[in-house]
Amino acid sequence: MTTATVLLRQTGKQLCCDQAHASLLDLLEAHQVAVEFQCRSGYCGACRMGLLRGQVSYQQPPLAFIKRGDILPCCCLPTEDIELDV
């Protein structure tokens, strides 16, 4: 993964995601962004959020159902600059 900018729509905050982050959830937690989660492996779906712009890549296929426009930050990383509905 290259460095990507993560824009949080609701606050306008921009975060830098790089190789130091194991997942998008790790990045969000590092910046004290409140995200509900249970598993960290794509199983439960509690961390589901809207992806408004950009692309992510999953480290493993999520087992929880995700609809188009949603992502599970517990098991993905951005592949380019993204915007989240957070």
# chains A, B, ... in the order shown; residues from 1 in each chain; ligands from 1
>>> residues_around(residues="Ser41 (chain A)", least_positions_apart="4", cutoff="12 Å", atoms="only C-alpha atoms", output="PDB file with all heavy atoms, in the first residue's frame")
ATOM      1  N   ALA A  22      -2.206  -1.450  10.308  1.00  0.00           N
ATOM      2  CA  ALA A  22      -2.572  -2.799   9.874  1.00  0.00           C
ATOM      3  C   ALA A  22      -3.934  -2.831   9.190  1.00  0.00           C
ATOM      4  O   ALA A  22      -4.215  -3.710   8.391  1.00  0.00           O
ATOM      5  CB  ALA A  22      -2.570  -3.746  11.068  1.00  0.00           C
ATOM      6  N   SER A  23      -4.778  -1.857   9.513  1.00  0.00           N
ATOM      7  CA  SER A  23      -6.112  -1.774   8.912  1.00  0.00           C
ATOM      8  C   SER A  23      -6.605  -0.331   9.020  1.00  0.00           C
ATOM      9  O   SER A  23      -6.037   0.486   9.746  1.00  0.00           O
ATOM     10  CB  SER A  23      -7.095  -2.705   9.624  1.00  0.00           C
ATOM     11  OG  SER A  23      -7.377  -2.225  10.929  1.00  0.00           O
ATOM     12  N   LEU A  24      -7.674  -0.061   8.321  1.00  0.00           N
ATOM     13  CA  LEU A  24      -8.295   1.257   8.409  1.00  0.00           C
ATOM     14  C   LEU A  24      -8.816   1.501   9.824  1.00  0.00           C
ATOM     15  O   LEU A  24      -8.734   2.612  10.343  1.00  0.00           O
ATOM     16  CB  LEU A  24      -9.413   1.354   7.372  1.00  0.00           C
ATOM     17  CG  LEU A  24     -10.021   2.705   7.098  1.00  0.00           C
ATOM     18  CD1 LEU A  24      -8.987   3.781   6.843  1.00  0.00           C
ATOM     19  CD2 LEU A  24     -10.977   2.607   5.923  1.00  0.00           C
ATOM     20  N   LEU A  25      -9.305   0.462  10.469  1.00  0.00           N
ATOM     21  CA  LEU A  25      -9.756   0.592  11.859  1.00  0.00           C
ATOM     22  C   LEU A  25      -8.597   1.016  12.763  1.00  0.00           C
ATOM     23  O   LEU A  25      -8.765   1.879  13.625  1.00  0.00           O
ATOM     24  CB  LEU A  25     -10.364  -0.723  12.350  1.00  0.00           C
ATOM     25  CG  LEU A  25     -10.858  -0.731  13.800  1.00  0.00           C
ATOM     26  CD1 LEU A  25     -11.934   0.318  14.042  1.00  0.00           C
ATOM     27  CD2 LEU A  25     -11.369  -2.114  14.166  1.00  0.00           C
ATOM     28  N   PHE A  37     -16.853  -1.760  16.977  1.00  0.00           N
ATOM     29  CA  PHE A  37     -16.290  -2.969  16.371  1.00  0.00           C
ATOM     30  C   PHE A  37     -16.353  -4.098  17.381  1.00  0.00           C
ATOM     31  O   PHE A  37     -16.489  -3.866  18.570  1.00  0.00           O
ATOM     32  CB  PHE A  37     -14.853  -2.746  15.888  1.00  0.00           C
ATOM     33  CG  PHE A  37     -13.851  -2.586  16.995  1.00  0.00           C
ATOM     34  CD1 PHE A  37     -13.175  -3.685  17.483  1.00  0.00           C
ATOM     35  CD2 PHE A  37     -13.602  -1.344  17.548  1.00  0.00           C
ATOM     36  CE1 PHE A  37     -12.261  -3.546  18.516  1.00  0.00           C
ATOM     37  CE2 PHE A  37     -12.695  -1.196  18.579  1.00  0.00           C
ATOM     38  CZ  PHE A  37     -12.012  -2.297  19.061  1.00  0.00           C
ATOM     39  N   GLY A  45     -19.361  -7.409  11.237  1.00  0.00           N
ATOM     40  CA  GLY A  45     -19.954  -6.281  10.525  1.00  0.00           C
ATOM     41  C   GLY A  45     -20.285  -5.070  11.375  1.00  0.00           C
ATOM     42  O   GLY A  45     -20.845  -4.102  10.875  1.00  0.00           O
ATOM     43  N   ALA A  46     -19.940  -5.085  12.663  1.00  0.00           N
ATOM     44  CA  ALA A  46     -20.280  -3.967  13.549  1.00  0.00           C
ATOM     45  C   ALA A  46     -19.614  -2.660  13.135  1.00  0.00           C
ATOM     46  O   ALA A  46     -20.138  -1.583  13.393  1.00  0.00           O
ATOM     47  CB  ALA A  46     -19.910  -4.296  14.994  1.00  0.00           C
ATOM     48  N   CYS A  47     -18.472  -2.721  12.480  1.00  0.00           N
ATOM     49  CA  CYS A  47     -17.737  -1.506  12.114  1.00  0.00           C
ATOM     50  C   CYS A  47     -18.145  -0.953  10.748  1.00  0.00           C
ATOM     51  O   CYS A  47     -17.572   0.031  10.283  1.00  0.00           O
ATOM     52  CB  CYS A  47     -16.237  -1.774  12.139  1.00  0.00           C
ATOM     53  SG  CYS A  47     -15.667  -2.981  10.928  1.00  0.00           S
ATOM     54  N   TYR A  58      -9.224  -5.472   0.653  1.00  0.00           N
ATOM     55  CA  TYR A  58      -9.414  -6.319   1.828  1.00  0.00           C
ATOM     56  C   TYR A  58      -8.247  -7.273   1.996  1.00  0.00           C
ATOM     57  O   TYR A  58      -7.816  -7.907   1.033  1.00  0.00           O
ATOM     58  CB  TYR A  58     -10.736  -7.092   1.735  1.00  0.00           C
ATOM     59  CG  TYR A  58     -11.913  -6.190   2.000  1.00  0.00           C
ATOM     60  CD1 TYR A  58     -12.559  -5.526   0.969  1.00  0.00           C
ATOM     61  CD2 TYR A  58     -12.349  -5.967   3.295  1.00  0.00           C
ATOM     62  CE1 TYR A  58     -13.615  -4.670   1.220  1.00  0.00           C
ATOM     63  CE2 TYR A  58     -13.404  -5.100   3.560  1.00  0.00           C
ATOM     64  CZ  TYR A  58     -14.028  -4.468   2.515  1.00  0.00           C
ATOM     65  OH  TYR A  58     -15.067  -3.608   2.765  1.00  0.00           O
ATOM     66  N   GLN A  59      -7.764  -7.385   3.229  1.00  0.00           N
ATOM     67  CA  GLN A  59      -6.673  -8.288   3.541  1.00  0.00           C
ATOM     68  C   GLN A  59      -7.144  -9.741   3.487  1.00  0.00           C
ATOM     69  O   GLN A  59      -6.379 -10.630   3.172  1.00  0.00           O
ATOM     70  CB  GLN A  59      -6.097  -7.955   4.921  1.00  0.00           C
ATOM     71  CG  GLN A  59      -5.525  -6.553   4.933  1.00  0.00           C
ATOM     72  CD  GLN A  59      -5.659  -5.868   6.276  1.00  0.00           C
ATOM     73  OE1 GLN A  59      -6.557  -6.147   7.049  1.00  0.00           O
ATOM     74  NE2 GLN A  59      -4.759  -4.943   6.543  1.00  0.00           N
ATOM     75  N   GLN A  60      -8.416  -9.961   3.821  1.00  0.00           N
ATOM     76  CA  GLN A  60      -9.076 -11.244   3.652  1.00  0.00           C
ATOM     77  C   GLN A  60     -10.522 -10.927   3.284  1.00  0.00           C
ATOM     78  O   GLN A  60     -11.024  -9.875   3.663  1.00  0.00           O
ATOM     79  CB  GLN A  60      -9.017 -12.081   4.939  1.00  0.00           C
ATOM     80  CG  GLN A  60      -9.882 -11.561   6.066  1.00  0.00           C
ATOM     81  CD  GLN A  60      -9.069 -10.973   7.204  1.00  0.00           C
ATOM     82  OE1 GLN A  60      -7.854 -11.012   7.179  1.00  0.00           O
ATOM     83  NE2 GLN A  60      -9.726 -10.420   8.189  1.00  0.00           N
ATOM     84  N   PRO A  61     -11.177 -11.788   2.546  1.00  0.00           N
ATOM     85  CA  PRO A  61     -12.569 -11.500   2.176  1.00  0.00           C
ATOM     86  C   PRO A  61     -13.440 -11.404   3.430  1.00  0.00           C
ATOM     87  O   PRO A  61     -13.378 -12.284   4.293  1.00  0.00           O
ATOM     88  CB  PRO A  61     -12.974 -12.700   1.322  1.00  0.00           C
ATOM     89  CG  PRO A  61     -11.703 -13.349   0.900  1.00  0.00           C
ATOM     90  CD  PRO A  61     -10.699 -13.031   1.968  1.00  0.00           C
ATOM     91  N   PRO A  62     -14.219 -10.341   3.563  1.00  0.00           N
ATOM     92  CA  PRO A  62     -15.072 -10.220   4.748  1.00  0.00           C
ATOM     93  C   PRO A  62     -16.152 -11.294   4.738  1.00  0.00           C
ATOM     94  O   PRO A  62     -16.682 -11.640   3.685  1.00  0.00           O
ATOM     95  CB  PRO A  62     -15.677  -8.816   4.627  1.00  0.00           C
ATOM     96  CG  PRO A  62     -15.412  -8.362   3.249  1.00  0.00           C
ATOM     97  CD  PRO A  62     -14.320  -9.189   2.681  1.00  0.00           C
ATOM     98  N   LEU A  63     -16.456 -11.826   5.912  1.00  0.00           N
ATOM     99  CA  LEU A  63     -17.512 -12.825   6.051  1.00  0.00           C
ATOM    100  C   LEU A  63     -18.857 -12.175   6.314  1.00  0.00           C
ATOM    101  O   LEU A  63     -19.892 -12.762   6.031  1.00  0.00           O
ATOM    102  CB  LEU A  63     -17.171 -13.805   7.172  1.00  0.00           C
ATOM    103  CG  LEU A  63     -15.897 -14.626   6.933  1.00  0.00           C
ATOM    104  CD1 LEU A  63     -15.559 -15.437   8.168  1.00  0.00           C
ATOM    105  CD2 LEU A  63     -16.046 -15.511   5.720  1.00  0.00           C
ATOM    106  N   ALA A  64     -18.854 -10.961   6.857  1.00  0.00           N
ATOM    107  CA  ALA A  64     -20.099 -10.230   7.100  1.00  0.00           C
ATOM    108  C   ALA A  64     -20.612  -9.667   5.779  1.00  0.00           C
ATOM    109  O   ALA A  64     -19.833  -9.317   4.892  1.00  0.00           O
ATOM    110  CB  ALA A  64     -19.866  -9.100   8.095  1.00  0.00           C
ATOM    111  N   LEU A  72     -15.848  -2.539   5.603  1.00  0.00           N
ATOM    112  CA  LEU A  72     -15.539  -2.977   6.959  1.00  0.00           C
ATOM    113  C   LEU A  72     -14.100  -2.557   7.248  1.00  0.00           C
ATOM    114  O   LEU A  72     -13.156  -3.193   6.788  1.00  0.00           O
ATOM    115  CB  LEU A  72     -15.684  -4.496   7.093  1.00  0.00           C
ATOM    116  CG  LEU A  72     -17.073  -5.060   6.860  1.00  0.00           C
ATOM    117  CD1 LEU A  72     -17.045  -6.579   6.969  1.00  0.00           C
ATOM    118  CD2 LEU A  72     -18.081  -4.473   7.819  1.00  0.00           C
ATOM    119  N   PRO A  73     -13.908  -1.451   7.969  1.00  0.00           N
ATOM    120  CA  PRO A  73     -12.555  -0.938   8.190  1.00  0.00           C
ATOM    121  C   PRO A  73     -11.671  -1.873   9.015  1.00  0.00           C
ATOM    122  O   PRO A  73     -10.454  -1.716   9.010  1.00  0.00           O
ATOM    123  CB  PRO A  73     -12.779   0.391   8.912  1.00  0.00           C
ATOM    124  CG  PRO A  73     -14.120   0.257   9.546  1.00  0.00           C
ATOM    125  CD  PRO A  73     -14.921  -0.606   8.614  1.00  0.00           C
ATOM    126  N   CYS A  74     -12.249  -2.867   9.661  1.00  0.00           N
ATOM    127  CA  CYS A  74     -11.449  -3.786  10.480  1.00  0.00           C
ATOM    128  C   CYS A  74     -10.523  -4.662   9.643  1.00  0.00           C
ATOM    129  O   CYS A  74      -9.541  -5.193  10.167  1.00  0.00           O
ATOM    130  CB  CYS A  74     -12.350  -4.679  11.329  1.00  0.00           C
ATOM    131  SG  CYS A  74     -13.328  -5.868  10.374  1.00  0.00           S
ATOM    132  N   CYS A  75     -10.831  -4.815   8.350  1.00  0.00           N
ATOM    133  CA  CYS A  75     -10.035  -5.757   7.541  1.00  0.00           C
ATOM    134  C   CYS A  75      -9.687  -5.197   6.164  1.00  0.00           C
ATOM    135  O   CYS A  75      -9.449  -5.954   5.231  1.00  0.00           O
ATOM    136  CB  CYS A  75     -10.751  -7.097   7.419  1.00  0.00           C
ATOM    137  SG  CYS A  75     -12.391  -7.013   6.700  1.00  0.00           S
ATOM    138  N   CYS A  76      -9.645  -3.863   6.027  1.00  0.00           N
ATOM    139  CA  CYS A  76      -9.261  -3.281   4.743  1.00  0.00           C
ATOM    140  C   CYS A  76      -8.332  -2.094   4.939  1.00  0.00           C
ATOM    141  O   CYS A  76      -8.187  -1.573   6.037  1.00  0.00           O
ATOM    142  CB  CYS A  76     -10.491  -2.870   3.937  1.00  0.00           C
ATOM    143  SG  CYS A  76     -11.378  -1.423   4.546  1.00  0.00           S
TER     144      CYS A  76
END
>>> residues_around(residues="Thr11 (chain A)", least_positions_apart="4", cutoff="12 Å", atoms="only C-alpha atoms", output="compact mmCIF listing (two decimals) with N, CA and C atoms, in the first residue's frame")
# COMPACT_ATOMS: atom_id res chain seq x y z
N VAL A 6 -7.20 9.88 4.12
CA VAL A 6 -8.54 9.45 4.50
C VAL A 6 -9.28 10.69 5.00
N LEU A 7 -10.29 11.11 4.27
CA LEU A 7 -11.10 12.27 4.64
C LEU A 7 -12.33 11.80 5.38
N LEU A 15 -6.75 12.26 7.55
CA LEU A 15 -5.78 11.37 8.20
C LEU A 15 -4.89 10.76 7.14
N VAL A 33 -10.98 8.29 16.61
CA VAL A 33 -12.27 8.32 15.91
C VAL A 33 -13.08 7.15 16.45
N GLU A 83 -12.79 8.85 1.02
CA GLU A 83 -13.64 9.69 1.85
C GLU A 83 -14.65 8.77 2.53
N LEU A 84 -14.75 8.90 3.85
CA LEU A 84 -15.64 8.06 4.64
C LEU A 84 -16.80 8.86 5.19
N ASP A 85 -17.95 8.23 5.32
CA ASP A 85 -19.13 8.87 5.90
C ASP A 85 -19.06 8.74 7.43
N VAL A 86 -18.06 9.37 7.98
CA VAL A 86 -17.81 9.35 9.44
C VAL A 86 -17.61 10.77 9.89
>>> closest_residue(among="A:Met49, A:Ala30, A:Val56, A:Ala4", to="Asp18 (chain A)", atoms="only C-alpha atoms")
A:Ala4
>>> residues_around(residues="Gln19 (chain A)", least_positions_apart="6", cutoff="12 Å", atoms="only C-alpha atoms", output="list in words")
Met1, Thr2, Thr3, Ala4, Asp26, Leu27, Leu77, Pro78 and Thr79 of chain A
>>> closest_residue(among="A:Leu52, A:Ile82, A:Lys13, A:Tyr43", to="Phe65 (chain A)", atoms="only C-alpha atoms")
A:Tyr43
>>> select_by_dssp(residues="chain A", states="strand (DSSP E or B)", output="ChimeraX atom specification")
/A:4-8,14-17,49-53,56-58,70-71,76-78,82-84
>>> write_last_selection(atoms="N, CA and C atoms", output="PDB file, in the first residue's frame")
ATOM      1  N   ALA A   4      -2.059   6.997   1.728  1.00  0.00           N
ATOM      2  CA  ALA A   4      -3.346   7.487   1.247  1.00  0.00           C
ATOM      3  C   ALA A   4      -3.921   8.461   2.266  1.00  0.00           C
ATOM      4  N   THR A   5      -4.659   9.431   1.776  1.00  0.00           N
ATOM      5  CA  THR A   5      -5.356  10.372   2.640  1.00  0.00           C
ATOM      6  C   THR A   5      -6.772   9.859   2.861  1.00  0.00           C
ATOM      7  N   VAL A   6      -7.202   9.878   4.123  1.00  0.00           N
ATOM      8  CA  VAL A   6      -8.545   9.452   4.497  1.00  0.00           C
ATOM      9  C   VAL A   6      -9.278  10.689   5.004  1.00  0.00           C
ATOM     10  N   LEU A   7     -10.293  11.108   4.270  1.00  0.00           N
ATOM     11  CA  LEU A   7     -11.099  12.272   4.639  1.00  0.00           C
ATOM     12  C   LEU A   7     -12.335  11.798   5.378  1.00  0.00           C
ATOM     13  N   LEU A   8     -12.588  12.367   6.555  1.00  0.00           N
ATOM     14  CA  LEU A   8     -13.783  12.053   7.329  1.00  0.00           C
ATOM     15  C   LEU A   8     -14.819  13.124   7.035  1.00  0.00           C
ATOM     16  N   GLN A  14      -8.614  15.148   8.010  1.00  0.00           N
ATOM     17  CA  GLN A  14      -7.865  14.334   7.054  1.00  0.00           C
ATOM     18  C   GLN A  14      -6.792  13.563   7.809  1.00  0.00           C
ATOM     19  N   LEU A  15      -6.751  12.256   7.554  1.00  0.00           N
ATOM     20  CA  LEU A  15      -5.783  11.370   8.203  1.00  0.00           C
ATOM     21  C   LEU A  15      -4.885  10.764   7.139  1.00  0.00           C
ATOM     22  N   CYS A  16      -3.654  10.479   7.511  1.00  0.00           N
ATOM     23  CA  CYS A  16      -2.696   9.865   6.603  1.00  0.00           C
ATOM     24  C   CYS A  16      -2.551   8.391   6.960  1.00  0.00           C
ATOM     25  N   CYS A  17      -2.887   7.519   6.021  1.00  0.00           N
ATOM     26  CA  CYS A  17      -2.775   6.079   6.235  1.00  0.00           C
ATOM     27  C   CYS A  17      -1.550   5.572   5.476  1.00  0.00           C
ATOM     28  N   MET A  49     -19.230   0.980   7.626  1.00  0.00           N
ATOM     29  CA  MET A  49     -19.394   2.421   7.390  1.00  0.00           C
ATOM     30  C   MET A  49     -19.418   2.694   5.902  1.00  0.00           C
ATOM     31  N   GLY A  50     -19.885   3.875   5.547  1.00  0.00           N
ATOM     32  CA  GLY A  50     -19.997   4.246   4.146  1.00  0.00           C
ATOM     33  C   GLY A  50     -18.685   4.736   3.557  1.00  0.00           C
ATOM     34  N   LEU A  51     -18.388   4.225   2.369  1.00  0.00           N
ATOM     35  CA  LEU A  51     -17.247   4.699   1.579  1.00  0.00           C
ATOM     36  C   LEU A  51     -17.826   5.605   0.501  1.00  0.00           C
ATOM     37  N   LEU A  52     -17.558   6.897   0.593  1.00  0.00           N
ATOM     38  CA  LEU A  52     -18.145   7.878  -0.314  1.00  0.00           C
ATOM     39  C   LEU A  52     -17.326   8.078  -1.580  1.00  0.00           C
ATOM     40  N   ARG A  53     -16.017   7.860  -1.469  1.00  0.00           N
ATOM     41  CA  ARG A  53     -15.128   8.065  -2.614  1.00  0.00           C
ATOM     42  C   ARG A  53     -13.876   7.246  -2.410  1.00  0.00           C
ATOM     43  N   VAL A  56     -10.833   0.604  -1.523  1.00  0.00           N
ATOM     44  CA  VAL A  56     -10.104  -0.094  -0.471  1.00  0.00           C
ATOM     45  C   VAL A  56      -9.793  -1.506  -0.942  1.00  0.00           C
ATOM     46  N   SER A  57      -8.848  -2.125  -0.260  1.00  0.00           N
ATOM     47  CA  SER A  57      -8.465  -3.506  -0.543  1.00  0.00           C
ATOM     48  C   SER A  57      -8.612  -4.295   0.751  1.00  0.00           C
ATOM     49  N   TYR A  58      -9.224  -5.472   0.653  1.00  0.00           N
ATOM     50  CA  TYR A  58      -9.414  -6.319   1.828  1.00  0.00           C
ATOM     51  C   TYR A  58      -8.247  -7.273   1.996  1.00  0.00           C
ATOM     52  N   ASP A  70     -20.562   0.354   1.203  1.00  0.00           N
ATOM     53  CA  ASP A  70     -20.125   0.152   2.583  1.00  0.00           C
ATOM     54  C   ASP A  70     -18.787  -0.576   2.598  1.00  0.00           C
ATOM     55  N   ILE A  71     -18.049  -0.394   3.681  1.00  0.00           N
ATOM     56  CA  ILE A  71     -16.805  -1.128   3.887  1.00  0.00           C
ATOM     57  C   ILE A  71     -16.753  -1.603   5.333  1.00  0.00           C
ATOM     58  N   CYS A  76      -9.645  -3.863   6.027  1.00  0.00           N
ATOM     59  CA  CYS A  76      -9.261  -3.281   4.743  1.00  0.00           C
ATOM     60  C   CYS A  76      -8.332  -2.094   4.939  1.00  0.00           C
ATOM     61  N   LEU A  77      -7.706  -1.721   3.843  1.00  0.00           N
ATOM     62  CA  LEU A  77      -6.840  -0.542   3.773  1.00  0.00           C
ATOM     63  C   LEU A  77      -7.154   0.210   2.488  1.00  0.00           C
ATOM     64  N   PRO A  78      -6.990   1.524   2.489  1.00  0.00           N
ATOM     65  CA  PRO A  78      -7.219   2.268   1.254  1.00  0.00           C
ATOM     66  C   PRO A  78      -6.135   1.975   0.217  1.00  0.00           C
ATOM     67  N   ILE A  82      -9.346   8.223   0.037  1.00  0.00           N
ATOM     68  CA  ILE A  82     -10.740   7.862   0.224  1.00  0.00           C
ATOM     69  C   ILE A  82     -11.465   8.905   1.080  1.00  0.00           C
ATOM     70  N   GLU A  83     -12.793   8.855   1.017  1.00  0.00           N
ATOM     71  CA  GLU A  83     -13.637   9.685   1.850  1.00  0.00           C
ATOM     72  C   GLU A  83     -14.648   8.770   2.528  1.00  0.00           C
ATOM     73  N   LEU A  84     -14.750   8.896   3.852  1.00  0.00           N
ATOM     74  CA  LEU A  84     -15.642   8.055   4.642  1.00  0.00           C
ATOM     75  C   LEU A  84     -16.801   8.863   5.185  1.00  0.00           C
TER      76      LEU A  84
END
>>> atom_distance(atom1="CA of Ile66 (chain A)", atom2="CA of Cys39 (chain A)")
15.1 Å
>>> closest_residue(among="A:Gln55, A:Arg9, A:Leu28, A:Arg68", to="Glu80 (chain A)", atoms="only C-alpha atoms")
A:Gln55
